[in-house]
$ cat work_25.tsv   # TSV, C-alpha atoms
chain	number	residue	atom	x	y	z
E	28	MET	CA	94.90	82.85	50.14
E	29	PRO	CA	93.96	85.87	52.33
E	30	LEU	CA	93.55	89.07	50.35
E	31	SER	CA	96.31	90.81	52.35
E	32	ASP	CA	98.77	88.02	51.42
E	33	TYR	CA	97.94	88.36	47.74
E	34	ILE	CA	98.23	92.17	47.76
E	35	LEU	CA	101.65	92.14	49.47
E	36	TYR	CA	102.93	89.34	47.26
E	37	ARG	CA	101.94	91.19	44.08
E	38	LEU	CA	103.45	94.44	45.34
E	39	ALA	CA	106.73	92.72	46.18
E	40	LYS	CA	106.85	90.74	42.93
E	41	ASN	CA	106.31	93.77	40.69
E	42	ARG	CA	108.44	96.37	42.46
E	43	PRO	CA	112.12	96.91	41.61
E	44	SER	CA	114.50	96.16	44.46
E	45	PRO	CA	115.53	99.30	46.40
E	46	ALA	CA	118.93	97.64	46.88
E	47	GLN	CA	119.56	96.92	43.20
E	48	HIS	CA	121.49	100.12	42.60
E	49	LEU	CA	124.01	99.13	45.28
E	50	VAL	CA	124.27	95.59	43.93
E	51	ASP	CA	124.96	97.01	40.47
E	52	LYS	CA	127.51	99.43	41.86
E	53	LEU	CA	129.40	96.71	43.73
E	54	GLY	CA	129.25	94.39	40.74
E	55	ALA	CA	128.66	91.26	42.80
E	56	GLU	CA	125.80	89.16	44.10
E	57	PRO	CA	124.76	89.78	47.74
E	58	GLY	CA	126.17	87.20	50.13
E	59	THR	CA	129.24	86.35	48.03
E	60	ASP	CA	132.87	86.99	49.03
E	61	ALA	CA	133.19	89.44	46.16
E	62	TYR	CA	130.20	91.40	47.44
E	63	HIS	CA	131.62	91.69	50.96
E	64	ILE	CA	135.04	92.77	49.73
E	65	ALA	CA	133.47	95.39	47.46
E	66	TYR	CA	131.24	96.54	50.31
E	67	ALA	CA	134.27	97.31	52.50
E	68	ARG	CA	135.58	99.62	49.77
E	69	HIS	CA	132.09	101.13	49.42
E	70	GLN	CA	132.00	101.89	53.16
E	71	PHE	CA	135.35	103.65	52.99
E	72	ASP	CA	134.61	105.60	49.81
E	73	SER	CA	131.18	106.68	51.11
E	74	LYS	CA	132.67	108.14	54.28
E	75	VAL	CA	135.39	109.90	52.26
E	76	GLN	CA	132.62	111.61	50.30
E	77	GLU	CA	130.17	112.22	53.16
E	78	GLY	CA	132.40	112.48	56.21
E	79	ILE	CA	131.05	111.95	59.70
E	80	PRO	CA	129.46	114.67	61.84
E	81	PHE	CA	132.21	114.67	64.46
E	82	PRO	CA	135.99	115.37	64.42
E	83	VAL	CA	138.13	112.33	65.29
E	84	ALA	CA	141.66	113.66	64.66
E	85	GLY	CA	143.86	113.02	67.69
E	86	LYS	CA	141.23	110.85	69.41
E	87	GLU	CA	141.01	107.21	70.42
E	88	VAL	CA	137.95	105.71	68.75
E	89	LEU	CA	135.96	102.49	69.17
E	90	GLU	CA	133.60	101.35	66.42
E	91	ILE	CA	130.92	98.92	67.58
E	92	ALA	CA	129.59	96.50	64.95
E	93	CYS	CA	132.40	97.52	62.59
E	94	GLY	CA	131.50	94.86	60.03
E	95	HIS	CA	133.61	95.14	56.90
E	96	GLY	CA	136.04	97.68	58.39
E	97	GLY	CA	135.69	100.47	55.85
E	98	ILE	CA	134.60	103.02	58.45
E	99	CYS	CA	137.46	102.11	60.80
E	100	CYS	CA	139.90	102.72	57.96
E	101	PHE	CA	138.30	106.08	57.23
E	102	LEU	CA	138.64	107.09	60.90
E	103	ALA	CA	142.32	106.13	60.94
E	104	VAL	CA	143.06	107.97	57.70
E	105	GLY	CA	141.18	110.93	59.20
E	106	GLY	CA	143.73	111.25	62.01
E	107	ALA	CA	142.43	109.13	64.88
E	108	THR	CA	145.40	108.06	66.98
E	109	ARG	CA	143.88	104.65	67.75
E	110	VAL	CA	140.93	102.83	66.19
E	111	VAL	CA	139.45	99.60	67.51
E	112	GLY	CA	136.73	97.81	65.56
E	113	VAL	CA	134.63	95.16	67.28
E	114	ASP	CA	132.02	92.76	65.92
E	115	LEU	CA	130.61	89.30	66.59
E	116	ASP	CA	130.79	88.28	62.93
E	117	THR	CA	134.24	86.71	62.55
E	118	TYR	CA	133.84	86.41	58.77
E	119	ARG	CA	133.37	90.16	58.38
E	120	LEU	CA	136.27	90.81	60.74
E	121	LYS	CA	138.48	88.83	58.35
E	122	ILE	CA	137.21	90.97	55.48
E	123	ALA	CA	138.02	94.07	57.55
E	124	GLU	CA	141.56	92.91	58.25
E	125	ALA	CA	142.16	92.08	54.58
E	126	PHE	CA	140.80	95.45	53.47
E	127	THR	CA	143.05	97.27	55.97
E	128	ILE	CA	146.14	95.41	54.76
E	129	ASN	CA	145.31	96.25	51.17
E	130	LEU	CA	144.69	99.91	52.02
E	131	ASN	CA	148.04	100.11	53.83
E	132	ARG	CA	149.69	98.90	50.63
E	133	GLN	CA	147.83	101.45	48.54
E	134	LEU	CA	148.86	104.29	50.87
E	135	GLY	CA	152.49	103.17	50.54
E	136	ASN	CA	155.63	104.26	52.40
E	137	GLY	CA	155.23	101.38	54.85
E	138	CYS	CA	151.93	102.77	56.13
E	139	GLN	CA	150.42	100.97	59.11
E	140	LEU	CA	147.07	102.44	60.03
E	141	PRO	CA	146.51	102.35	63.83
E	142	ILE	CA	143.65	99.88	63.67
E	143	THR	CA	142.92	96.64	65.49
E	144	PHE	CA	139.90	94.38	65.03
E	145	GLN	CA	138.61	91.96	67.60
E	146	GLU	CA	135.61	89.78	68.35
E	147	GLU	CA	133.55	91.31	71.15
E	148	ASN	CA	130.01	91.25	72.50
E	149	ALA	CA	129.00	94.92	72.55
E	150	CYS	CA	127.02	94.37	75.76
E	151	HIS	CA	130.05	93.00	77.63
E	152	MET	CA	133.30	94.36	76.21
E	153	SER	CA	136.75	93.61	77.58
E	154	PHE	CA	137.93	97.24	77.63
E	155	ALA	CA	138.58	99.10	80.88
E	156	ASP	CA	136.39	101.97	82.01
E	157	ASN	CA	137.13	105.35	80.37
E	158	SER	CA	139.15	103.85	77.49
E	159	PHE	CA	137.95	105.89	74.49
E	160	ASP	CA	137.21	109.46	73.47
E	161	VAL	CA	134.62	108.45	70.88
E	162	VAL	CA	132.40	105.41	70.33
E	163	ILE	CA	130.73	105.04	66.93
E	164	ALA	CA	127.83	102.74	66.07
E	165	ASP	CA	126.73	103.30	62.46
E	166	LYS	CA	123.68	101.46	61.07
E	167	ALA	CA	123.85	99.17	64.08
E	168	PHE	CA	121.44	100.05	66.89
E	169	GLU	CA	118.51	98.34	65.19
E	170	HIS	CA	120.53	95.10	65.14
E	171	PHE	CA	121.47	94.78	68.82
E	172	SER	CA	119.47	92.24	70.83
E	173	ASP	CA	119.90	94.55	73.84
E	174	PRO	CA	120.32	98.11	72.50
E	175	GLU	CA	120.12	99.68	75.96
E	176	GLY	CA	122.81	97.30	77.20
E	177	VAL	CA	125.06	98.40	74.33
E	178	MET	CA	124.38	102.03	75.16
E	179	ARG	CA	125.28	101.44	78.83
E	180	GLU	CA	128.48	99.64	77.87
E	181	SER	CA	129.37	102.50	75.52
E	182	PHE	CA	128.85	104.92	78.41
E	183	ARG	CA	131.20	102.84	80.56
E	184	VAL	CA	134.11	102.69	78.11
E	185	LEU	CA	133.86	106.37	77.19
E	186	ARG	CA	135.97	108.93	79.01
E	187	PRO	CA	134.07	111.73	80.77
E	188	GLY	CA	133.01	114.23	78.12
E	189	GLY	CA	133.33	111.57	75.42
E	190	THR	CA	130.85	111.07	72.60
E	191	LEU	CA	128.71	108.16	71.42
E	192	LEU	CA	128.09	108.95	67.76
E	193	VAL	CA	125.23	107.19	65.96
E	194	PRO	CA	125.43	108.48	62.37
E	195	LEU	CA	122.41	106.43	61.33
E	196	PHE	CA	120.03	103.82	62.72
E	197	SER	CA	116.61	102.60	61.62
E	198	SER	CA	113.37	102.68	63.50
E	199	ILE	CA	111.50	99.42	62.92
E	200	TYR	CA	108.86	101.58	61.20
E	201	SER	CA	111.21	103.62	59.02
E	202	LYS	CA	111.47	103.17	55.27
E	203	TYR	CA	114.01	100.32	55.35
E	204	GLY	CA	113.40	99.23	58.96
E	205	LEU	CA	112.50	95.61	58.17
E	206	HIS	CA	115.88	94.97	56.50
E	207	ILE	CA	114.51	92.47	53.98
E	208	LYS	CA	114.72	94.72	50.94
E	209	HIS	CA	116.51	92.10	48.82
E	210	GLY	CA	113.39	89.98	49.03
E	211	LEU	CA	110.24	91.89	49.92
E	212	LYS	CA	111.14	95.24	48.26
E	213	VAL	CA	108.14	96.97	49.89
E	214	ASN	CA	109.16	99.79	52.22
E	215	SER	CA	107.51	100.05	55.67
E	216	ALA	CA	105.39	96.98	54.94
E	217	ASN	CA	104.93	96.38	58.68
E	218	VAL	CA	102.89	99.59	58.91
E	219	PHE	CA	100.19	98.03	56.74
E	220	PHE	CA	100.66	94.26	56.99
E	221	SER	CA	101.11	91.78	59.85
E	222	GLU	CA	104.37	89.92	60.35
E	223	THR	CA	102.57	86.70	59.48
E	224	THR	CA	101.53	88.15	56.12
E	225	ILE	CA	105.04	89.44	55.47
E	226	ILE	CA	106.57	86.04	56.24
E	227	ARG	CA	104.11	84.23	53.97
E	228	ALA	CA	104.85	86.64	51.14
E	229	MET	CA	108.59	86.10	51.58
E	230	LYS	CA	108.12	82.32	51.52
E	231	ARG	CA	106.21	82.50	48.25
E	232	LEU	CA	108.80	84.83	46.71
E	233	ALA	CA	111.59	82.47	47.78
E	234	VAL	CA	109.92	79.50	46.08
E	235	GLU	CA	110.01	81.48	42.84
E	236	ASN	CA	113.53	82.83	43.45
E	237	PRO	CA	115.61	80.38	45.56
E	238	LYS	CA	118.43	82.94	45.94
E	239	ILE	CA	116.24	84.55	48.59
E	240	TYR	CA	116.80	81.47	50.78
E	241	ASP	CA	120.55	82.19	50.75
E	242	LEU	CA	120.00	85.79	51.87
E	243	TYR	CA	117.31	84.97	54.44
E	244	PRO	CA	117.98	81.38	55.60
E	245	GLY	CA	115.42	81.64	58.37
E	246	LEU	CA	112.74	81.06	55.75
E	247	ILE	CA	113.68	77.38	55.70
E	248	ASP	CA	112.63	76.94	59.33
E	249	ASN	CA	109.32	77.98	60.88
E	250	PRO	CA	109.82	81.74	61.40
E	251	GLN	CA	107.44	83.53	63.76
E	252	ARG	CA	108.89	87.03	63.49
E	253	VAL	CA	110.43	88.98	60.61
E	254	ARG	CA	113.72	89.03	62.52
E	255	ASP	CA	113.76	85.22	62.32
E	256	LEU	CA	114.30	85.45	58.55
E	257	ARG	CA	117.75	87.00	58.94
E	258	ARG	CA	120.83	84.81	59.30
E	259	TYR	CA	121.60	86.00	62.85
E	260	LYS	CA	118.05	87.09	63.78
E	261	ASP	CA	119.70	90.45	64.42
E	262	LEU	CA	116.82	92.89	64.38
E	263	ASN	CA	115.00	94.57	67.25
E	264	ASP	CA	111.90	96.76	67.43
E	265	ILE	CA	113.52	100.06	68.36
E	266	THR	CA	111.71	103.33	67.59
E	267	TYR	CA	112.94	106.91	67.83
E	268	ARG	CA	110.95	107.46	71.01
E	269	GLU	CA	112.41	104.35	72.64
E	270	PHE	CA	115.93	105.38	71.60
E	271	LYS	CA	115.49	108.76	73.30
E	272	GLN	CA	114.13	107.09	76.43
E	273	MET	CA	117.22	104.85	76.56
E	274	VAL	CA	119.48	107.90	76.28
E	275	GLU	CA	117.79	109.44	79.32
E	276	ARG	CA	117.89	106.24	81.39
E	277	VAL	CA	121.57	105.57	80.65
E	278	GLY	CA	122.64	109.10	81.55
E	279	PHE	CA	123.87	110.50	78.24
E	280	GLU	CA	123.22	114.10	77.26
E	281	MET	CA	121.84	114.40	73.74
E	282	ASP	CA	123.67	117.00	71.68
E	283	TRP	CA	121.44	116.39	68.66
E	284	PHE	CA	118.96	113.97	67.15
E	285	ARG	CA	118.21	114.19	63.42
E	286	PRO	CA	115.72	112.08	61.46
E	287	LEU	CA	116.58	111.63	57.79
E	288	PRO	CA	113.17	112.41	56.27
E	289	THR	CA	111.61	111.15	53.08
E	290	ARG	CA	109.83	113.71	50.90
E	291	LEU	CA	106.67	113.28	52.94
E	292	GLY	CA	108.79	113.36	56.08
E	293	ARG	CA	109.97	116.88	55.30
E	294	ILE	CA	106.33	117.95	55.52
E	295	VAL	CA	105.74	115.96	58.71
E	296	ALA	CA	108.82	117.57	60.30
E	297	CYS	CA	107.24	120.99	59.81
E	298	ILE	CA	104.09	120.06	61.74
E	299	PRO	CA	104.72	120.35	65.53
E	300	LEU	CA	101.94	117.90	66.43
E	301	LEU	CA	103.49	115.17	64.23
E	302	ARG	CA	107.22	115.90	64.51
E	303	ASN	CA	107.77	113.68	67.58
E	304	THR	CA	105.24	110.97	66.78
E	305	LEU	CA	105.44	107.61	65.05
E	306	MET	CA	104.66	109.42	61.79
E	307	MET	CA	108.22	110.75	61.79
E	308	ASP	CA	109.52	107.19	62.09
E	309	ILE	CA	107.36	106.05	59.18
E	310	CYS	CA	108.28	109.03	56.99
E	311	SER	CA	112.04	108.72	57.39
E	312	LYS	CA	114.96	106.66	56.12
E	313	GLY	CA	116.52	106.54	59.59
E	314	ALA	CA	117.90	108.95	62.17
E	315	GLY	CA	121.24	109.99	63.62
E	316	ALA	CA	122.27	111.19	67.08
E	317	SER	CA	125.24	112.49	69.04
E	318	LEU	CA	125.29	111.61	72.73
E	319	ARG	CA	127.74	113.01	75.28
E	320	LYS	CA	128.89	111.45	78.52
E	321	PRO	CA	128.76	114.20	81.18
E	322	ALA	CA	132.16	115.53	82.13
E	323	ASN	CA	131.51	114.80	85.82
E	324	SER	CA	130.63	111.13	85.25
$ encode --input "work_25.tsv" --output "structure tokens"
Amino acid sequence: MPLSDYILYRLAKNRPSPAQHLVDKLGAEPGTDAYHIAYARHQFDSKVQEGIPFPVAGKEVLEIACGHGGICCFLAVGGATRVVGVDLDTYRLKIAEAFTINLNRQLGNGCQLPITFQEENACHMSFADNSFDVVIADKAFEHFSDPEGVMRESFRVLRPGGTLLVPLFSSIYSKYGLHIKHGLKVNSANVFFSETTIIRAMKRLAVENPKIYDLYPGLIDNPQRVRDLRRYKDLNDITYREFKQMVERVGFEMDWFRPLPTRLGRIVACIPLLRNTLMMDICSKGAGASLRKPANS
């Protein structure tokens, strides 16, 4: 066994899972129906506590990659006049619809939140031009096979002066960028190890803990890339620099861009020579951005 394989395997085997606190909080095993239902509530409750960095009251809002629907429900409760959630995962859309029905019952008085969910490809959506005031894509841009195509489609469906809000997305080099934390548990492993080494370590871990196969079914085949481990192979190689370049090419104006630094990242952010380099990607948990469609578009 190559030394790099052994080192990564031992690191992964001995480290606690960075996702365990969420699993404990939800009280269900990842991948189960109970987990997904609890995650929808977690999404909603988290946004109630944190909010989003943009007012949506009185606006028509589209959420791309809405998943479990908790954020859509938060937007509707927050005063959005119309909320549309789109996703390709029909199972999660069913969870979203069930969660919305249950929340309507909890709110009482015949409440019907102004939300609809539908299956859509974010690169080719069925909505007319200039249909929404706000488009939101939270924890999603790293999962699009064509992130620039999604950004262009968001530009199209936004009204002039409208906003594409990206509360959080991960650079492939950020702390959780690989999105295999339930198995590997080593943050930013791709900075130090090759994808081949990472895949071999995951295979060995899965032999010892077969539940990992359920979470990352691509391990059963002959994966060539880390993205191949995920059920839908839904991971791209976006970095903060590439995201900013897309913004410029598409024609958005960037109101703000904010990395979410780790402890080391707070130091990196104070050093001008490093602030806009790959070091900021590595020393962050992700980044957020607010993009505006020019009023004359």
$ residues_around --input "work_25.tsv" --residues "range 193-195 of chain E" --least-positions-apart "5" --cutoff "9 Å" --atoms "all atoms listed in the file" --output "PyMOL selection string"
chain E and resi 79-80+162-168+286-287+313-318
$ atom_distance --input "work_25.tsv" --atom1 "CA of Ser311 in chain E" --atom2 "CA of Gly204 in chain E"
9.7 Å
$ residues_around --input "work_25.tsv" --residues "Glu87 in chain E" --least-positions-apart "3" --cutoff "7 Å" --atoms "only C-alpha atoms" --output "list in words"
Ala107, Thr108, Arg109, Val110, Phe159, Asp160 and Val161 of chain E
$ closest_atom_pairs --input "work_25.tsv" --of "range 212-261 of chain E" --to "range 28-51 of chain E" --cutoff "7 Å" --atoms "all atoms listed in the file" --output "Markdown table"
| residue | atom | partner | partner_atom | distance |
| --- | --- | --- | --- | --- |
| E:Lys212 | CA | E:Ser44 | CA | 5.2 |
| E:Val213 | CA | E:Ala39 | CA | 5.8 |
| E:Thr224 | CA | E:Asp32 | CA | 5.5 |
| E:Ala228 | CA | E:Tyr36 | CA | 5.1 |
$ atom_distance --input "work_25.tsv" --atom1 "CA of Leu256 in chain E" --atom2 "CA of Pro244 in chain E"
6.2 Å
$ atom_distance --input "work_25.tsv" --atom1 "CA of Gln139 in chain E" --atom2 "CA of Phe126 in chain E"
12.4 Å
$ closest_residue --input "work_25.tsv" --among "E:Asn148, E:Asn236, E:Asn214, E:Thr59" --to "Thr289 in chain E" --atoms "all atoms listed in the file"
E:Asn214
$ residues_around --input "work_25.tsv" --residues "Gly97 in chain E" --least-positions-apart "4" --cutoff "6 Å" --atoms "all atoms listed in the file" --output "list in words"
Ala67, Gln70 and Phe71 of chain E
$ write_last_selection --input "work_25.tsv" --atoms "C-alpha atoms" --output "tab-separated table (two decimals), in the coordinates of the input"
chain	number	residue	atom	x	y	z
E	67	ALA	CA	134.27	97.31	52.50
E	70	GLN	CA	132.00	101.89	53.16
E	71	PHE	CA	135.35	103.65	52.99
$ residues_near_point --input "work_25.tsv" --point "(131.8, 90.8, 70.9)" --cutoff "6 Å" --atoms "all atoms listed in the file" --output "count of residues only"
6
$ closest_atom_pairs --input "work_25.tsv" --of "range 191-233 of chain E" --to "range 245-250 of chain E" --cutoff "8 Å" --atoms "all atoms listed in the file" --output "CSV"
residue,atom,partner,partner_atom,distance
E:Ile226,CA,E:Pro250,CA,7.5
E:Met229,CA,E:Leu246,CA,7.7
E:Lys230,CA,E:Leu246,CA,6.4
$ residues_near_point --input "work_25.tsv" --point "(133.5, 99.6, 51.3)" --cutoff "12 Å" --atoms "all atoms listed in the file" --output "PyMOL selection string"
chain E and resi 49+52-53+61-75+93-101+119+122-123+125-127+130
$ axis_aligned_box --input "work_25.tsv" --around "range 225-236 of chain E" --padding-each-side "4 Å" --output "AutoDock Vina command-line options"
--center_x 108.8 --center_y 84.5 --center_z 49.5 --size_x 17.4 --size_y 17.9 --size_z 21.4
$ closest_residue --input "work_25.tsv" --among "E:Leu102, E:Pro141, E:Asp60, E:Phe284" --to "Lys121 in chain E" --atoms "all atoms listed in the file"
E:Asp60
$ closest_atom_pairs --input "work_25.tsv" --of "range 143-199 of chain E" --to "range 261-277 of chain E" --cutoff "6 Å" --atoms "only C-alpha atoms" --output "tab-separated table"
residue	atom	partner	partner_atom	distance
E:Glu169	CA	E:Asn263	CA	5.5
E:His170	CA	E:Leu262	CA	4.4
E:Glu175	CA	E:Met273	CA	6.0
E:Arg179	CA	E:Val277	CA	5.8
E:Ser198	CA	E:Thr266	CA	4.5
E:Ile199	CA	E:Asp264	CA	5.3
$ closest_residue --input "work_25.tsv" --among "E:Gly78, E:Gly210, E:Leu242, E:Ser197" --to "Ile309 in chain E" --atoms "all atoms listed in the file"
E:Ser197
$ closest_residue --input "work_25.tsv" --among "E:Ala92, E:Ala55, E:Leu192, E:Cys138" --to "Leu120 in chain E" --atoms "only C-alpha atoms"
E:Ala92
$ closest_residue --input "work_25.tsv" --among "E:Ile207, E:Ser158, E:Arg293, E:Ala216" --to "Tyr240 in chain E" --atoms "all atoms listed in the file"
E:Ile207
$ closest_residue --input "work_25.tsv" --among "E:Ala84, E:Ile225, E:Ala103, E:Cys310" --to "Ile294 in chain E" --atoms "only C-alpha atoms"
E:Cys310
$ decode --input "work_25.tsv" --residues "range 55-84 of chain E" --atoms "C-alpha atoms" --output "compact mmCIF listing (two decimals), in the first residue's frame"
# COMPACT_ATOMS: atom_id res chain seq x y z
CA ALA E 55 -31.89 9.81 12.28
CA GLU E 56 -29.43 7.99 10.08
CA PRO E 57 -28.31 9.82 6.90
CA GLY E 58 -30.13 8.61 3.80
CA THR E 59 -33.30 7.48 5.62
CA ASP E 60 -36.77 9.00 5.19
CA ALA E 61 -36.68 10.15 8.79
CA TYR E 62 -33.41 11.98 8.16
CA HIS E 63 -34.78 13.84 5.13
CA ILE E 64 -37.97 14.84 6.91
CA ALA E 65 -35.98 16.10 9.90
CA TYR E 66 -33.60 17.93 7.57
CA ALA E 67 -36.48 19.94 6.05
CA ARG E 68 -37.38 21.17 9.54
CA HIS E 69 -33.69 21.88 10.20
CA GLN E 70 -33.50 24.01 7.05
CA PHE E 71 -36.51 26.05 8.11
CA ASP E 72 -35.44 26.48 11.73
CA SER E 73 -31.89 27.45 10.72
CA LYS E 74 -33.13 30.23 8.47
CA VAL E 75 -35.52 31.45 11.18
CA GLN E 76 -32.49 31.82 13.46
CA GLU E 77 -29.99 33.13 10.89
CA GLY E 78 -32.17 34.89 8.34
CA ILE E 79 -30.93 35.56 4.83
CA PRO E 80 -28.93 38.63 3.79
CA PHE E 81 -31.66 40.07 1.57
CA PRO E 82 -35.27 41.25 2.13
CA VAL E 83 -37.88 39.15 0.30
CA ALA E 84 -41.14 40.64 1.63
